[in-house]
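Participant: See upload.cif below, with mmCIF, C-alpha atoms.
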```cif
data_run
#
loop_
_atom_site.label_atom_id
_atom_site.label_comp_id
_atom_site.auth_asym_id
_atom_site.auth_seq_id
_atom_site.Cartn_x
_atom_site.Cartn_y
_atom_site.Cartn_z
CA MET C 1 162.99 -115.99 -62.32
CA THR C 2 166.47 -116.78 -63.75
CA GLU C 3 167.26 -116.83 -67.45
CA ASN C 4 167.48 -120.63 -67.33
CA THR C 5 164.12 -121.14 -65.68
CA ARG C 6 162.59 -118.44 -67.90
CA ILE C 7 163.47 -120.56 -70.92
CA LEU C 8 161.58 -123.50 -69.41
CA GLY C 9 158.78 -121.28 -68.20
CA LEU C 10 159.16 -122.71 -64.67
CA SER C 11 160.58 -121.25 -61.49
CA ALA C 12 163.35 -123.04 -59.56
CA ARG C 13 160.93 -123.51 -56.67
CA THR C 14 158.43 -125.16 -58.99
CA LEU C 15 161.07 -127.48 -60.43
CA ASP C 16 162.21 -128.44 -56.94
CA ALA C 17 158.65 -129.20 -55.89
CA LEU C 18 157.93 -131.30 -58.99
CA MET C 19 161.36 -132.85 -59.49
CA PRO C 20 163.65 -132.37 -56.46
CA MET C 21 166.31 -134.55 -58.14
CA HIS C 22 166.43 -132.96 -61.62
CA ILE C 23 169.51 -131.87 -63.54
CA TRP C 24 169.46 -129.26 -66.29
CA ILE C 25 172.42 -129.51 -68.63
CA GLY C 26 173.19 -126.56 -70.90
CA PRO C 27 174.37 -126.82 -74.53
CA SER C 28 178.00 -126.62 -73.42
CA GLY C 29 177.63 -129.64 -71.12
CA HIS C 30 177.68 -127.54 -67.96
CA ILE C 31 175.10 -128.12 -65.24
CA LEU C 32 172.85 -125.09 -65.17
CA GLN C 33 170.61 -126.18 -62.32
CA CYS C 34 169.95 -129.18 -60.07
CA GLY C 35 167.24 -130.18 -57.64
CA CYS C 36 167.53 -129.44 -53.94
CA THR C 37 167.44 -133.11 -52.91
CA LEU C 38 170.13 -134.06 -55.41
CA GLN C 39 172.42 -131.35 -54.06
CA LYS C 40 172.03 -132.85 -50.55
CA LEU C 41 174.14 -135.78 -51.68
CA LEU C 42 177.18 -133.48 -51.91
CA PRO C 43 176.24 -130.31 -50.02
CA GLU C 44 179.81 -128.95 -50.04
CA ASP C 45 180.34 -129.55 -53.78
CA PRO C 46 177.80 -127.50 -55.78
CA PHE C 47 176.72 -129.06 -59.06
CA PRO C 48 175.67 -125.91 -60.95
CA GLY C 49 178.55 -124.59 -63.06
CA ALA C 50 180.38 -127.93 -63.21
CA MET C 51 180.63 -130.10 -66.32
CA PHE C 52 178.04 -132.86 -66.11
CA PHE C 53 180.47 -135.62 -67.07
CA ASP C 54 182.97 -134.42 -64.45
CA LYS C 55 180.39 -135.11 -61.73
CA PHE C 56 178.37 -137.99 -63.15
CA THR C 57 179.00 -141.21 -65.04
CA ILE C 58 176.48 -142.95 -67.26
CA VAL C 59 176.70 -146.54 -66.05
CA ARG C 60 174.09 -147.79 -68.50
CA PRO C 61 174.13 -147.59 -71.43
CA ARG C 62 177.92 -147.64 -71.43
CA LYS C 63 178.28 -145.92 -74.82
CA VAL C 64 177.16 -142.55 -73.45
CA LYS C 65 180.35 -140.58 -72.88
CA ASP C 66 179.47 -137.00 -73.86
CA LEU C 67 176.54 -134.62 -74.28
CA SER C 68 175.91 -135.42 -77.96
CA GLN C 69 175.55 -139.12 -77.15
CA LEU C 70 173.35 -138.25 -74.18
CA LEU C 71 171.02 -136.19 -76.37
CA GLN C 72 170.66 -139.18 -78.68
CA MET C 73 169.23 -141.13 -75.69
CA ASN C 74 166.18 -138.83 -75.63
CA GLY C 75 163.45 -140.50 -73.56
CA ALA C 76 165.64 -143.40 -72.48
CA GLN C 77 166.12 -144.66 -68.96
CA LEU C 78 169.63 -144.39 -67.56
CA LYS C 79 171.65 -145.71 -64.65
CA ILE C 80 173.87 -142.94 -63.37
CA GLY C 81 176.77 -142.95 -60.92
CA LEU C 82 178.40 -140.07 -59.03
CA GLU C 83 182.16 -139.71 -59.29
CA SER C 84 182.41 -138.63 -55.63
CA LEU C 85 180.07 -141.36 -54.37
CA PRO C 86 181.15 -144.57 -56.14
CA ASN C 87 178.68 -146.74 -54.24
CA MET C 88 175.68 -144.54 -55.06
CA HIS C 89 173.74 -145.28 -58.26
CA LEU C 90 170.71 -143.33 -59.44
CA LYS C 91 168.05 -144.06 -62.01
CA GLY C 92 166.74 -141.45 -64.39
CA THR C 93 165.20 -140.38 -67.69
CA VAL C 94 166.79 -137.95 -70.11
CA VAL C 95 164.89 -135.50 -72.32
CA ALA C 96 166.62 -133.47 -75.06
CA LEU C 97 165.56 -129.83 -74.90
CA PRO C 98 164.37 -128.13 -78.09
CA GLY C 99 166.61 -125.94 -80.19
CA GLY C 100 169.82 -127.54 -79.01
CA THR C 101 169.49 -125.89 -75.59
CA GLY C 102 170.74 -128.94 -73.71
CA ALA C 103 169.15 -131.81 -71.82
CA PHE C 104 166.99 -132.34 -68.79
CA LEU C 105 167.29 -135.36 -66.47
CA ASN C 106 164.92 -136.42 -63.73
CA LEU C 107 166.58 -138.85 -61.29
CA SER C 108 165.53 -141.09 -58.43
CA PHE C 109 167.15 -143.45 -55.90
CA GLY C 110 165.29 -146.53 -57.12
CA ILE C 111 165.42 -149.47 -54.75
CA SER C 112 168.26 -147.86 -52.77
CA VAL C 113 165.90 -145.20 -51.44
CA GLN C 114 165.97 -146.58 -47.89
CA ASP C 115 169.76 -146.49 -47.76
CA ALA C 116 169.77 -142.97 -49.22
CA VAL C 117 167.28 -141.69 -46.64
CA ARG C 118 169.42 -143.07 -43.83
CA ARG C 119 172.75 -142.05 -45.39
CA PHE C 120 171.86 -138.46 -46.31
CA ASP C 121 169.32 -137.75 -43.58
CA LEU C 122 166.48 -137.21 -46.03
CA SER C 123 162.84 -136.73 -45.12
CA LEU C 124 159.51 -136.84 -46.95
CA THR C 125 159.92 -133.16 -47.87
CA ASP C 126 162.90 -134.12 -50.03
CA PHE C 127 160.67 -136.07 -52.41
CA ALA C 128 157.93 -135.01 -54.78
CA ALA C 129 154.50 -135.74 -53.35
CA SER C 130 153.76 -138.01 -56.32
CA ASP C 131 157.06 -139.91 -56.03
CA LEU C 132 156.52 -143.62 -55.42
CA ALA C 133 159.50 -143.44 -53.07
CA VAL C 134 157.15 -141.88 -50.54
CA GLU C 135 154.91 -144.95 -50.71
CA VAL C 136 157.95 -147.21 -50.47
CA LEU C 137 159.18 -145.36 -47.39
CA TYR C 138 155.78 -145.72 -45.75
CA LEU C 139 155.82 -149.45 -46.52
CA ILE C 140 159.37 -149.83 -45.23
CA GLU C 141 158.53 -148.02 -42.01
CA ALA C 142 155.33 -150.00 -41.59
CA ASN C 143 157.17 -153.27 -42.24
CA ALA C 144 159.94 -152.32 -39.81
CA ALA C 145 157.38 -151.44 -37.15
CA ALA C 146 155.55 -154.72 -37.75
CA MET C 147 158.79 -156.71 -37.58
CA ASN C 148 159.82 -154.96 -34.37
CA ALA C 149 156.40 -155.62 -32.87
CA SER C 150 156.62 -159.24 -33.98
CA ARG C 151 160.09 -159.66 -32.48
CA ASP C 152 158.92 -158.05 -29.26
CA LEU C 153 155.94 -160.41 -29.14
CA VAL C 154 158.13 -163.46 -29.80
CA ASP C 155 160.57 -162.32 -27.11
CA ARG C 156 157.74 -161.78 -24.63
CA LEU C 157 156.22 -165.18 -25.44
CA GLN C 158 159.61 -166.87 -25.09
CA ASP C 159 160.22 -165.11 -21.79
CA ALA C 160 156.76 -166.11 -20.61
CA LYS C 161 157.37 -169.71 -21.71
CA THR C 162 160.76 -169.80 -19.99
CA ASP C 163 159.28 -168.28 -16.85
CA ALA C 164 156.36 -170.73 -16.86
CA GLU C 165 158.71 -173.69 -17.36
CA SER C 166 160.95 -172.42 -14.59
CA ARG C 167 158.01 -171.93 -12.21
CA ALA C 168 156.71 -175.41 -13.07
CA LEU C 169 160.03 -176.86 -11.89
CA THR C 170 160.64 -174.53 -8.95
CA ASP C 171 159.36 -174.46 -5.40
CA THR C 172 157.59 -171.11 -5.09
CA LEU C 173 158.72 -170.38 -1.53
CA THR C 174 162.38 -171.39 -1.51
CA GLY C 175 163.28 -171.20 -5.19
CA LEU C 176 164.69 -174.74 -4.99
CA ASN C 177 163.87 -177.42 -7.54
CA ASN C 178 160.57 -179.15 -6.84
CA ARG C 179 159.45 -182.77 -7.02
CA ARG C 180 158.69 -182.55 -10.74
CA ALA C 181 162.23 -181.34 -11.37
CA MET C 182 163.51 -184.20 -9.22
CA ASP C 183 161.63 -186.76 -11.32
CA MET C 184 163.12 -185.25 -14.49
CA THR C 185 166.63 -185.34 -12.99
CA PHE C 186 166.27 -188.97 -11.97
CA GLY C 187 165.06 -189.83 -15.47
CA GLN C 188 168.20 -188.25 -16.91
CA LEU C 189 170.44 -190.04 -14.41
CA VAL C 190 168.95 -193.43 -15.31
CA ALA C 191 169.14 -192.74 -19.06
CA HIS C 192 172.66 -191.31 -18.89
CA PRO C 193 174.34 -192.51 -15.68
CA PRO C 194 177.30 -190.40 -14.51
CA GLN C 195 180.65 -192.14 -14.86
CA ASP C 196 181.16 -192.23 -11.09
CA GLY C 197 177.53 -192.81 -10.18
CA PHE C 198 175.63 -190.52 -7.83
CA GLY C 199 174.72 -190.13 -4.19
CA LEU C 200 171.30 -189.53 -2.71
CA MET C 201 170.65 -187.70 0.55
CA LEU C 202 167.16 -187.35 2.08
CA ILE C 203 166.77 -184.62 4.72
CA ASP C 204 163.84 -184.36 7.12
CA LEU C 205 163.76 -181.30 9.40
CA ASP C 206 163.53 -181.95 13.14
CA TYR C 207 161.27 -179.79 15.35
CA PHE C 208 159.94 -177.83 12.38
CA LYS C 209 156.31 -178.50 13.33
CA SER C 210 156.85 -176.92 16.75
CA VAL C 211 158.14 -173.73 15.06
CA ASN C 212 154.94 -173.50 13.02
CA ASP C 213 152.77 -174.33 16.02
CA THR C 214 154.37 -171.84 18.44
CA LEU C 215 155.50 -168.95 16.21
CA GLY C 216 153.25 -169.31 13.15
CA HIS C 217 153.71 -170.10 9.48
CA ALA C 218 155.56 -166.86 8.77
CA ALA C 219 158.29 -168.04 11.12
CA GLY C 220 158.22 -171.45 9.44
CA ASP C 221 158.63 -169.85 6.01
CA LEU C 222 161.62 -167.88 7.28
CA VAL C 223 163.19 -171.11 8.54
CA LEU C 224 162.60 -172.86 5.19
CA LEU C 225 164.30 -169.99 3.35
CA GLU C 226 167.32 -170.33 5.64
CA VAL C 227 167.37 -174.11 5.10
CA ALA C 228 167.34 -173.59 1.33
CA LYS C 229 170.25 -171.16 1.64
CA VAL C 230 172.29 -173.61 3.70
CA LEU C 231 171.67 -176.53 1.36
CA ARG C 232 172.64 -174.48 -1.72
CA GLU C 233 175.86 -173.41 -0.07
CA GLU C 234 176.88 -176.87 1.12
CA VAL C 235 176.60 -178.77 -2.17
CA ARG C 236 178.81 -178.56 -5.25
CA ALA C 237 177.95 -176.65 -8.41
CA ASP C 238 176.74 -179.77 -10.31
CA ASP C 239 174.71 -181.14 -7.41
CA LYS C 240 170.94 -180.68 -7.16
CA VAL C 241 168.76 -179.64 -4.22
CA PHE C 242 165.02 -180.39 -4.22
CA ARG C 243 162.22 -179.50 -1.83
CA VAL C 244 159.84 -182.45 -2.08
CA GLY C 245 157.51 -181.80 0.87
CA GLY C 246 156.74 -179.32 3.59
CA ASP C 247 159.95 -180.03 5.51
CA GLU C 248 161.56 -182.70 3.32
CA PHE C 249 164.49 -182.16 0.98
CA VAL C 250 166.47 -184.36 -1.38
CA LEU C 251 170.07 -183.82 -2.45
CA VAL C 252 171.49 -185.53 -5.54
CA LEU C 253 175.30 -185.50 -5.77
CA ARG C 254 176.48 -186.29 -9.31
CA ASN C 255 179.65 -188.33 -9.85
CA CYS C 256 179.77 -189.15 -6.19
CA ASN C 257 179.87 -192.60 -4.64
CA ASP C 258 182.14 -191.28 -1.87
CA LEU C 259 180.36 -191.97 1.41
CA ASP C 260 183.02 -190.11 3.40
CA LEU C 261 182.37 -186.94 1.38
CA MET C 262 178.61 -187.32 1.77
CA THR C 263 178.81 -187.81 5.53
CA ARG C 264 181.04 -184.73 5.87
CA ILE C 265 178.48 -182.69 3.93
CA ALA C 266 175.69 -184.10 6.12
CA ASP C 267 177.61 -183.14 9.28
CA ARG C 268 178.06 -179.57 8.04
CA ILE C 269 174.38 -179.28 7.12
CA ILE C 270 173.25 -180.50 10.55
CA ALA C 271 175.66 -178.18 12.35
CA ARG C 272 174.49 -175.14 10.38
CA LEU C 273 170.78 -175.93 10.70
CA GLU C 274 171.12 -176.13 14.47
CA GLN C 275 172.02 -172.44 14.52
CA PRO C 276 168.74 -170.70 15.52
CA VAL C 277 166.93 -168.42 13.09
CA HIS C 278 165.38 -165.41 14.79
CA TYR C 279 161.83 -164.34 13.99
CA GLU C 280 160.57 -161.14 15.63
CA GLY C 281 163.29 -161.50 18.24
CA LYS C 282 162.45 -165.11 19.07
CA PRO C 283 164.74 -168.05 18.18
CA CYS C 284 163.46 -170.74 15.83
CA ARG C 285 165.36 -173.93 16.62
CA ILE C 286 165.45 -176.92 14.27
CA SER C 287 167.85 -179.63 13.23
CA ALA C 288 167.86 -182.37 10.60
CA SER C 289 167.75 -186.13 10.34
CA ILE C 290 169.46 -187.39 7.19
CA GLY C 291 169.49 -190.69 5.28
CA ILE C 292 172.18 -191.46 2.71
CA THR C 293 172.58 -194.01 -0.07
CA ILE C 294 174.60 -194.31 -3.27
CA SER C 295 173.90 -195.70 -6.72
CA ASP C 296 176.70 -198.28 -6.44
CA TYR C 297 174.41 -200.25 -4.14
CA TYR C 298 171.91 -200.88 -6.96
CA ASP C 299 172.29 -202.94 -10.11
CA PRO C 300 170.35 -201.88 -12.03
CA VAL C 301 169.66 -198.48 -10.49
CA GLU C 302 166.08 -198.27 -9.21
CA ILE C 303 165.15 -194.74 -8.17
CA ASP C 304 162.09 -195.73 -6.15
CA LYS C 305 164.20 -198.26 -4.23
CA MET C 306 166.92 -195.67 -3.58
CA LEU C 307 164.36 -193.17 -2.25
CA SER C 308 162.75 -195.85 -0.08
CA ASP C 309 166.12 -196.90 1.33
CA ALA C 310 167.16 -193.29 1.99
CA ASP C 311 163.83 -192.73 3.73
CA GLU C 312 164.44 -195.81 5.87
CA ALA C 313 167.86 -194.45 6.81
CA THR C 314 166.31 -191.08 7.68
CA TYR C 315 163.87 -192.69 10.10
CA ALA C 316 166.75 -194.60 11.61
CA SER C 317 168.38 -191.21 12.30
CA LYS C 318 165.20 -189.92 13.93
CA ASN C 319 164.79 -193.06 16.04
CA ALA C 320 168.39 -192.77 17.17
CA GLY C 321 167.76 -189.31 18.64
CA ARG C 322 167.57 -186.98 15.59
CA ALA C 323 170.16 -184.42 14.47
CA GLN C 324 172.30 -187.10 12.85
CA HIS C 325 172.80 -188.98 9.60
CA THR C 326 172.56 -192.65 8.74
CA VAL C 327 174.03 -194.44 5.73
CA PHE C 328 171.79 -197.14 4.31
CA LYS C 329 173.45 -200.54 4.41
CA PRO C 330 172.28 -202.92 1.69
CA ALA C 331 171.73 -206.54 2.61
CA LYS C 332 174.57 -208.78 1.53
CA ARG C 333 173.69 -210.97 -1.39
CA PRO C 334 174.18 -214.68 -0.73
CA ALA C 335 177.14 -216.18 -2.53
CA PRO C 336 176.10 -218.40 -5.42
CA GLU C 337 176.17 -222.15 -4.68
CA PRO C 338 178.92 -224.06 -6.47
CA ALA C 339 177.70 -226.04 -9.44
CA ARG C 340 177.15 -229.73 -8.69
CA ASP C 341 178.54 -232.43 -10.90
CA LEU C 342 175.57 -234.54 -12.00
CA HIS C 343 177.68 -237.38 -13.33
#
```
For this file, produce the structure as structure tokens.

Facilitator:
Amino acid sequence: MTENTRILGLSARTLDALMPMHIWIGPSGHILQCGCTLQKLLPEDPFPGAMFFDKFTIVRPRKVKDLSQLLQMNGAQLKIGLESLPNMHLKGTVVALPGGTGAFLNLSFGISVQDAVRRFDLSLTDFAASDLAVEVLYLIEANAAAMNASRDLVDRLQDAKTDAESRALTDTLTGLNNRRAMDMTFGQLVAHPPQDGFGLMLIDLDYFKSVNDTLGHAAGDLVLLEVAKVLREEVRADDKVFRVGGDEFVLVLRNCNDLDLMTRIADRIIARLEQPVHYEGKPCRISASIGITISDYYDPVEIDKMLSDADEATYASKNAGRAQHTVFKPAKRPAPEPARDLH
């Protein structure tokens, strides 16, 4: 037991256990002893032996500038700053020791305890067991864990919602947009028509049934996957591809009333689909019959009429021998009769 701790009747270990952030100031104003946790704030700059007011500043009350003024604050609560750590403020209580032997301060981090723990790598062993900071740390950790769990749950729910919405609009086999997605797209096109209108292409696969009948549905699925790949690759980035039936597909080309462009795309699609897909060493041969129409033909635009006309054009392609495209030709509107003079 040192002379200092003998005067208090307590060992340094006991003081550290009870008050790990204490400061004992001698009658000369020198720091005689400090708690182990307090010293962790400046491990390379020992407090004992230094003048208290060289290391610490009394932030509140401001009138405390020396030891005599500090002793007059007996029992008062203080806000204390460290000269070497200007952004670190501590709270504490000062007690004047009997017989003019100095002062004793017990400090804490106050509401900045979380920052201090992170900044100085403190643990529960650096605090007195009765220190409310321990309870605060438990609450902070529990709150952080709850917030993380809540964020994880929200993220999972959002991912699940996004996935469910995507699956609701996606054909499960090919990954293309499905009929529901097509209806939503048409609704948007009618509500907000593209400046240059849009084109509609209906594709019906030729000879697909014979692939299923002769080689089985697994072969048919393989063919549909290849068809989806071809259609994706042949349209532009803003265009949409939909699978609307077993072997029926719809292409919507935004800002496109160019029939020459659409027929060139149709020719490329037909040529690529006529390349056989091999299943278990056997060729699966299909082609496509295509019907084409454009929104310029309709005033106002009627989606059901466009689909019906494209379907009519598709059957015209099939009846003409398949593996070709047909552009729907709207009936010419009769010219209005000249107004008659009734007088």

Participant: Residues within 12 Å of Lys329 (chain C), please, as a PyMOL selection string. Count only C-alpha atoms; anything in the same chain fewer than 5 positions from it doesn't count.

Facilitator: chain C and resi 259+291-294+296-298+306+309-310+312-313+316

Participant: Applied to this file, what does the PyMOL selection byres ((chain C and resi 54-63) around 9) return in terms of residues, put as a list in words?

Facilitator: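 Going through the file, the PyMOL selection byres ((chain C and resi 54-63) around 9) ends up selecting Phe47, Ala50, Met51, Phe52, Phe53, Val64, Lys65, Gln69, Leu70, Gln77, Leu78, Lys79, Ile80, Gly81, Leu82, Glu83, Ser84 and His89 of chain C.
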
Participant: If we count only C-alpha atoms, what is near region 253-256 of chain C at a cut-off of 8 Å, once residues fewer than 6 positions away on the same chain are taken out, given as a list in words?

Facilitator: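 What passes the distance filter is Pro194, Gln195, Asp196, Gly197, Phe198, Gly199, Leu200, Val235, Arg236, Asp238, Asp239, Lys240 and Ile294 of chain C.
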
Participant: Okay, now the selection with C-alpha atoms, as an mmCIF file, in the coordinates of the input?

Facilitator:
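Result file is selection-v3.cif:
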```
data_model
loop_
_atom_site.group_PDB
_atom_site.id
_atom_site.type_symbol
_atom_site.label_atom_id
_atom_site.label_comp_id
_atom_site.auth_asym_id
_atom_site.auth_seq_id
_atom_site.Cartn_x
_atom_site.Cartn_y
_atom_site.Cartn_z
ATOM 1 C CA PRO C 194 177.300 -190.400 -14.510
ATOM 2 C CA GLN C 195 180.650 -192.140 -14.860
ATOM 3 C CA ASP C 196 181.160 -192.230 -11.090
ATOM 4 C CA GLY C 197 177.530 -192.810 -10.180
ATOM 5 C CA PHE C 198 175.630 -190.520 -7.830
ATOM 6 C CA GLY C 199 174.720 -190.130 -4.190
ATOM 7 C CA LEU C 200 171.300 -189.530 -2.710
ATOM 8 C CA VAL C 235 176.600 -178.770 -2.170
ATOM 9 C CA ARG C 236 178.810 -178.560 -5.250
ATOM 10 C CA ASP C 238 176.740 -179.770 -10.310
ATOM 11 C CA ASP C 239 174.710 -181.140 -7.410
ATOM 12 C CA LYS C 240 170.940 -180.680 -7.160
ATOM 13 C CA ILE C 294 174.600 -194.310 -3.270
#
```

Participant: Name the residues captured by the PyMOL selection byres ((chain C and resi 92) around 7) when it is applied to the shown file; answer as a ChimeraX atom specification.

Facilitator: /C:77-79,90-91,93-94,105-108

Participant: Please evaluate the PyMOL selection byres ((chain C and resi 186) around 12) against the displayed coordinates and give the resulting residues as a ChimeraX atom specification.

Facilitator: /C:179-185,187-194,198-200,240,242,250-254,295,301-304,306-307

Participant: Env of Leu71 (chain C): 12 Å cut, atoms = only C-alpha atoms, seq-sep filter 2 positions within chain, self excluded. Answer as a ChimeraX atom specification.

Facilitator: /C:25-27,29,64-69,73-76,93-105

Participant: Have a look at C:Leu202, C:Ile270, C:Ala288, C:Val227 and name the one nearest to Val327 (chain C); count all atoms listed in the file.

Facilitator: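 Counting all atoms listed in the file, the residue closest to Val327 (chain C) is C:Leu202.
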